[in-house]
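The structure appears below as structure tokens.
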Amino acid sequence: MPAGVAPPVAWIDSLLSIVVERGADELRVTAGLEPQMFAKGAARRLAIQKMSQRDIEDLLGTLLSQERRALIASGEKVEFVYQSASHGPFQVTLSGQSELSVLFIRGAAAVVKAPPAAPAGHATSASVETAEPRSAPEMATAEGVALPLIVEAAHLRASDLHLAEGEPPLVRVDGVLRPLSRERTTDVASAIGLSLEERSSLASRGSIDLSAKVPGAGHVRVHAYRAAGGLAAAVRLLPDAAPALSALGLPVALDDLAMLQHGLVLVCGPAGAGKSTTLAALAREALTRRSIVLVTLEDPIEFGLSATERSLVRRRQVGRDVATFSAGLRDALREDPDVLVVGEMRDPETIALALTAAETGHLVLGSLHSRSVSSALQRIFDSYPAERQAHIRVQLAEALRAVVAQRLVPRKAGQGRLPVLEVLRVTIAVANTIREGRTASIPSLLQSGRREGMLSLERCLSDRVRAGEIDVEEARSIAGDAASLATYLAD
């Protein structure tokens with residue numbers, strides 16, 4: 001068939017019928033390679049010979065317009081929806097500057113508005129749309145994407161949505177898990193809007209981290225992974241933009257930390273404690289009040305941070321824009337930054353580079369998974385072999401400016417959670433304690449350092465209880481030192 005002539009509906013639909021008949025949901029056709037078929041990320045046998053570039057062009061016919069050819073030739077991806085008369089909508093992705101590749105996803109991710117009458121199997125202006133290229137591993141959903149479970153979770157003020165094949169969806173609202181519906185989830189990949197490329201990556205790696213903007217829900221962070229029962233996903237729902245520090249309801253002021261010219265500030269807490277929110281709010285404060293170049297290293301990118309008239313923002317996603325946090329930090333030191341935001345200090349090399357940056361005139365805002373100030377410091381020490389710990393303690397004592405350990409506690413009256421903090425400011429006494437590795441002395445320094453802006457967890461909890469904001473039993477369940485909490489409550 002001559003190139004450029006609309007292909008017979010039967011030719012495209014005959015390929016797609018194989019996908020449907022064998023219970024698959026994805027088909028990949030690449031010039032010079034054997035076509036591949038997948039069912040929920042798992043490869044399915046497909047006995048079709050290799051197709052040439054000309055074969056694929058003939059298959060697409062008028063769907064491969066000159067405009068789309070030009071976009072593909074420039075390195076972009078083109079997405080649209082093909083409405084099959086026999087099998088319904090398929091999302092189609094065209095890519096490949098040298099070797100054309102076509103991805104078909106059954107049950108197109110985009111909502112297809114009812115098109116005007118058109119010949120069966122042919123695209124109409126409503127059913128075929130181009131979209132911005134998708135850069136894996138960041139999920140970039142288009143306007144109109146139907147992800148109803150995520151939207152419903154957002155309307156319930158949920159912080160998290162948990163999905164697993166064969167199980168009802170659960171949401172976490174004010175820290176408590178509850179069912180979203182009684183219906184069991186059958187297709188997690190579609191529920192979170194995974195593209196064929198993302199599904200293939202998930203199938204080969206076992207897990208994938210994504211970031212998306214979902215209409216009706218805002219920004220979400222997705223971790224999809226293989227489990228014993230099939231595909232599962234944890235979806236964190238986030239505001240579109242980083243909040244202001246003043247909107248967080250913090251028990252002590254932290255805005256001065258954003259004004260530091262250099263040094264290391266750590267924000268710690270367990271998963272779901274709001275440390276990413278506080279870190280983003282500190283970054284926003286610095287952008288608003290100073291004239292800076294701010295560079296972030298995140299996995300994945302979460303809260304929106306905007307440049308101002310006086311400040312610049314450069315955001316890099318680990319795994320997409322840079323290989324690792326440590327590689328990104330090395331790069332950042334050559335990018336003229338004033339403030340560096342490190343999404344997670346998870347390994348010795350990243351910690352060492354962050355300390356070096358803090359010592360050489362940069363403000364470094366970093367997060368660490370740790371439940372308290374003391375355990376955060378100990379975790380840093382323990383990241384290194386015994387022979388290196390003394391050096392790291394000296395370096396940390398010189399560079400560290402503050403450690404904020406955060407939890408979220410349900411309000412006594414319901415409707416939301418409140419942050420409770422443990423705040424360490426590095427004074428001469430604190431620096432000496434860190435240098436000597438005496439983390440057991442940190443709690444007493446927190447208790448006696450209120451005049452320097454320090455705050456112990458137990459003091460913060462007692463203040464919240466006295467104000468009628470949280471229940472005393474909640475406070476007792478969180479306190480690290482029950483006797484200290486009792487003393488504060490009795491004062």
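By order of appearance in the structure tokens: chains A, B, ..., then residues from 1 within every chain, and ligands from 1 in the order shown.
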Practice prompt. Please give the complete set of residues from region 200-307 of chain A that DSSP, run on the backbone, assigns to alpha helix (DSSP H), formatted as a PyMOL selection string.
Written response: chain A and resi 200-205+275-289
What would the file look like if the residues just selected were written as a short mmCIF file (atom, residue, chain, number, x, y, z; two decimals), in the first residue's frame with N, CA and C atoms?
data_model
loop_
_atom_site.label_atom_id
_atom_site.label_comp_id
_atom_site.auth_asym_id
_atom_site.auth_seq_id
_atom_site.Cartn_x
_atom_site.Cartn_y
_atom_site.Cartn_z
N SER A 200 6.61 -0.70 31.21
CA SER A 200 7.74 -1.54 30.82
C SER A 200 8.89 -1.38 31.81
N SER A 201 9.14 -0.14 32.24
CA SER A 201 10.19 0.11 33.22
C SER A 201 9.87 -0.58 34.53
N LEU A 202 8.60 -0.53 34.94
CA LEU A 202 8.18 -1.19 36.17
C LEU A 202 8.35 -2.69 36.08
N ALA A 203 8.03 -3.26 34.92
CA ALA A 203 8.15 -4.71 34.73
C ALA A 203 9.60 -5.17 34.84
N SER A 204 10.51 -4.35 34.34
CA SER A 204 11.92 -4.75 34.34
C SER A 204 12.61 -4.45 35.66
N ARG A 205 12.19 -3.39 36.37
CA ARG A 205 12.88 -2.96 37.58
C ARG A 205 12.19 -3.42 38.86
N LYS A 275 8.06 16.25 56.74
CA LYS A 275 9.38 16.88 56.62
C LYS A 275 9.60 17.47 55.23
N SER A 276 9.07 16.82 54.18
CA SER A 276 9.21 17.37 52.82
C SER A 276 8.47 18.70 52.70
N THR A 277 7.33 18.81 53.38
CA THR A 277 6.57 20.06 53.36
C THR A 277 7.34 21.19 54.02
N THR A 278 7.93 20.90 55.18
CA THR A 278 8.71 21.92 55.89
C THR A 278 9.93 22.31 55.08
N LEU A 279 10.60 21.33 54.47
CA LEU A 279 11.78 21.62 53.66
C LEU A 279 11.41 22.53 52.49
N ALA A 280 10.28 22.23 51.82
CA ALA A 280 9.84 23.05 50.69
C ALA A 280 9.47 24.46 51.15
N ALA A 281 8.86 24.56 52.33
CA ALA A 281 8.48 25.88 52.85
C ALA A 281 9.72 26.72 53.17
N LEU A 282 10.77 26.10 53.69
CA LEU A 282 12.03 26.80 53.94
C LEU A 282 12.64 27.30 52.63
N ALA A 283 12.59 26.45 51.60
CA ALA A 283 13.12 26.85 50.30
C ALA A 283 12.32 28.02 49.73
N ARG A 284 11.01 27.98 49.87
CA ARG A 284 10.17 29.08 49.39
C ARG A 284 10.50 30.37 50.15
N GLU A 285 10.73 30.26 51.45
CA GLU A 285 11.06 31.43 52.25
C GLU A 285 12.36 32.07 51.76
N ALA A 286 13.34 31.22 51.46
CA ALA A 286 14.62 31.73 50.96
C ALA A 286 14.45 32.42 49.61
N LEU A 287 13.66 31.84 48.73
CA LEU A 287 13.42 32.43 47.42
C LEU A 287 12.71 33.78 47.52
N THR A 288 11.79 33.88 48.46
CA THR A 288 10.98 35.09 48.59
C THR A 288 11.75 36.24 49.22
N ARG A 289 12.57 35.92 50.22
CA ARG A 289 13.19 36.97 51.02
C ARG A 289 14.62 37.31 50.60
#
Discussion item. Show me, as number ranges by chain, the residues that have an atom within 7 Å of Asp209 (chain A) when counting only C-alpha atoms, minus same-chain residues fewer than 2 positions from it.
Written reply: A: 137, 222-224, 300
Worksheet item: Taking into account only C-alpha atoms, which residue in the set A:Arg464, A:Arg330, A:Arg407, A:Arg401 is nearest to Ile434 (chain A)?
Response: A:Arg401
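Atom pair CA of Ser441 (chain A) / CA of Tyr384 (chain A): separated by 21.0 Å.
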Item to complete: Measuring atom to atom with only C-alpha atoms, identify which of A:Leu196, A:Ala440, A:Ile18, A:Ile351 is nearest to Leu329 (chain A).
Response: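 Using only C-alpha atoms, Leu329 (chain A) sits closest to A:Ile351.
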Discussion item. Give me, as a ChimeraX atom specification, all polymer residues having an atom no more than 7 Å from Val265 (chain A), counting only C-alpha atoms and skipping those fewer than 5 positions away in the same chain.
Written reply: /A:364-366,400-403
Practice prompt. Find the residue from A:Arg393, A:Arg199, A:Arg182, A:Arg459 that sits nearest to Val430 (chain A); use only C-alpha atoms when measuring.
Written response: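 The shortest atom-to-atom distance to Val430 (chain A) comes from A:Arg393.
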Item to complete: Tell me, as a PyMOL selection string, which residues lie within 12 Å of Glu473 (chain A), counting only C-alpha atoms; anything in the same chain fewer than 4 positions away does not count.
Response: chain A and resi 409-412+461-462+465+477-479+482+485-486
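Between CA of Glu436 (chain A) and CA of Leu396 (chain A) the separation is 11.0 Å.
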Item to complete: Kindly indicate which residue among A:Gly216, A:Gly166, A:Gly206, A:Gly32 lies nearest to Ala153 (chain A), using only C-alpha atoms for the distances.
Response: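 Counting only C-alpha atoms, the residue closest to Ala153 (chain A) is A:Gly216.
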Fill in: Distance in Å - CA of Asp491 (chain A) versus CA of Val423 (chain A)
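That distance, rounded to one decimal, is 21.1 Å.
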Item to complete: Enumerate as a count of residues only all residues of region 256-318 of chain A assigned to strand (DSSP E or B) by DSSP on the backbone, naming them with the chain letters and numbers the document uses.
Response: 21
Discussion item. Under the rule that only C-alpha atoms are counted, which of A:Leu424, A:Ala164, A:Val188, A:Leu238 is the nearest residue to Leu377 (chain A)?
Written reply: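 Of A:Leu424, A:Ala164, A:Val188, A:Leu238, the one nearest Leu377 (chain A) is A:Leu424, counting only C-alpha atoms.
With distances restricted to only C-alpha atoms, A:Leu445 is the closest residue to Thr433 (chain A) from A:Val92, A:Leu445, A:Ile292, A:Ala232.
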Wanna dump the region 251-337 of chain A-region 210-215 of chain A contacts at 9 Å for me, each residue with its shortest atom pair and the distance in Å to one decimal, counting only C-alpha atoms, ordered by chain and number, as a tab-separated table?
residue	atom	partner	partner_atom	distance
A:Asp299	CA	A:Leu210	CA	8.6
A:Pro300	CA	A:Ser211	CA	6.0
A:Ile301	CA	A:Ser211	CA	6.5
A:Glu302	CA	A:Ser211	CA	6.8
Near region 241-263 of chain A, 6 Å: region 297-396 of chain A residue rows, closest pairs, only C-alpha atoms, as a Markdown table:
| residue | atom | partner | partner_atom | distance |
| --- | --- | --- | --- | --- |
| A:Phe303 | CA | A:Ala242 | CA | 5.1 |
| A:Gly304 | CA | A:Ala241 | CA | 4.1 |
| A:Ala358 | CA | A:Gly263 | CA | 4.3 |
| A:Gly361 | CA | A:His262 | CA | 5.0 |
| A:His362 | CA | A:His262 | CA | 4.4 |
| A:Leu363 | CA | A:His262 | CA | 4.0 |
Output the selection as a compact mmCIF listing (two decimals), in the first residue's frame - C-alpha atoms for each residue.
# COMPACT_ATOMS: atom_id res chain seq x y z
CA PHE A 303 6.19 20.71 45.54
CA GLY A 304 6.14 23.56 43.08
CA ALA A 358 27.91 23.85 53.74
CA GLY A 361 29.71 29.16 51.64
CA HIS A 362 26.41 27.47 50.69
CA LEU A 363 23.23 26.97 52.67
Item to complete: Give me the residues within 10 Å of Leu156 (chain A) as a PyMOL selection string, counting only C-alpha atoms and dropping any in the same chain fewer than 2 places off.
Response: chain A and resi 151-154+158-159+171-173+180
So that I have them on file, write out the residues from the current selection with N, CA and C atoms, as a PDB file, in the first residue's frame.
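Contents of the output file part-v4.pdb:
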ATOM      1  N   VAL A 151      -8.559  11.468  42.518  1.00  0.00           N
ATOM      2  CA  VAL A 151      -9.399  12.656  42.716  1.00  0.00           C
ATOM      3  C   VAL A 151     -10.288  12.484  43.937  1.00  0.00           C
ATOM      4  N   GLU A 152     -10.877  11.295  44.097  1.00  0.00           N
ATOM      5  CA  GLU A 152     -11.732  11.044  45.256  1.00  0.00           C
ATOM      6  C   GLU A 152     -10.940  11.119  46.557  1.00  0.00           C
ATOM      7  N   ALA A 153      -9.721  10.581  46.532  1.00  0.00           N
ATOM      8  CA  ALA A 153      -8.869  10.652  47.724  1.00  0.00           C
ATOM      9  C   ALA A 153      -8.566  12.101  48.090  1.00  0.00           C
ATOM     10  N   ALA A 154      -8.322  12.931  47.081  1.00  0.00           N
ATOM     11  CA  ALA A 154      -8.040  14.348  47.330  1.00  0.00           C
ATOM     12  C   ALA A 154      -9.235  15.047  47.961  1.00  0.00           C
ATOM     13  N   ALA A 158      -7.209  13.243  51.948  1.00  0.00           N
ATOM     14  CA  ALA A 158      -6.273  12.157  52.240  1.00  0.00           C
ATOM     15  C   ALA A 158      -4.844  12.605  51.976  1.00  0.00           C
ATOM     16  N   SER A 159      -3.928  12.094  52.786  1.00  0.00           N
ATOM     17  CA  SER A 159      -2.508  12.342  52.535  1.00  0.00           C
ATOM     18  C   SER A 159      -1.925  11.261  51.641  1.00  0.00           C
ATOM     19  N   VAL A 171      -7.326   4.824  51.933  1.00  0.00           N
ATOM     20  CA  VAL A 171      -6.769   6.170  52.034  1.00  0.00           C
ATOM     21  C   VAL A 171      -6.354   6.421  53.476  1.00  0.00           C
ATOM     22  N   ARG A 172      -5.359   7.283  53.625  1.00  0.00           N
ATOM     23  CA  ARG A 172      -4.941   7.710  54.965  1.00  0.00           C
ATOM     24  C   ARG A 172      -5.422   9.139  55.165  1.00  0.00           C
ATOM     25  N   VAL A 173      -6.348   9.319  56.111  1.00  0.00           N
ATOM     26  CA  VAL A 173      -6.899  10.631  56.423  1.00  0.00           C
ATOM     27  C   VAL A 173      -6.575  10.942  57.882  1.00  0.00           C
ATOM     28  N   LEU A 180     -11.579   3.388  50.841  1.00  0.00           N
ATOM     29  CA  LEU A 180     -12.104   4.389  49.922  1.00  0.00           C
ATOM     30  C   LEU A 180     -13.376   3.880  49.269  1.00  0.00           C
TER      31      LEU A 180
END
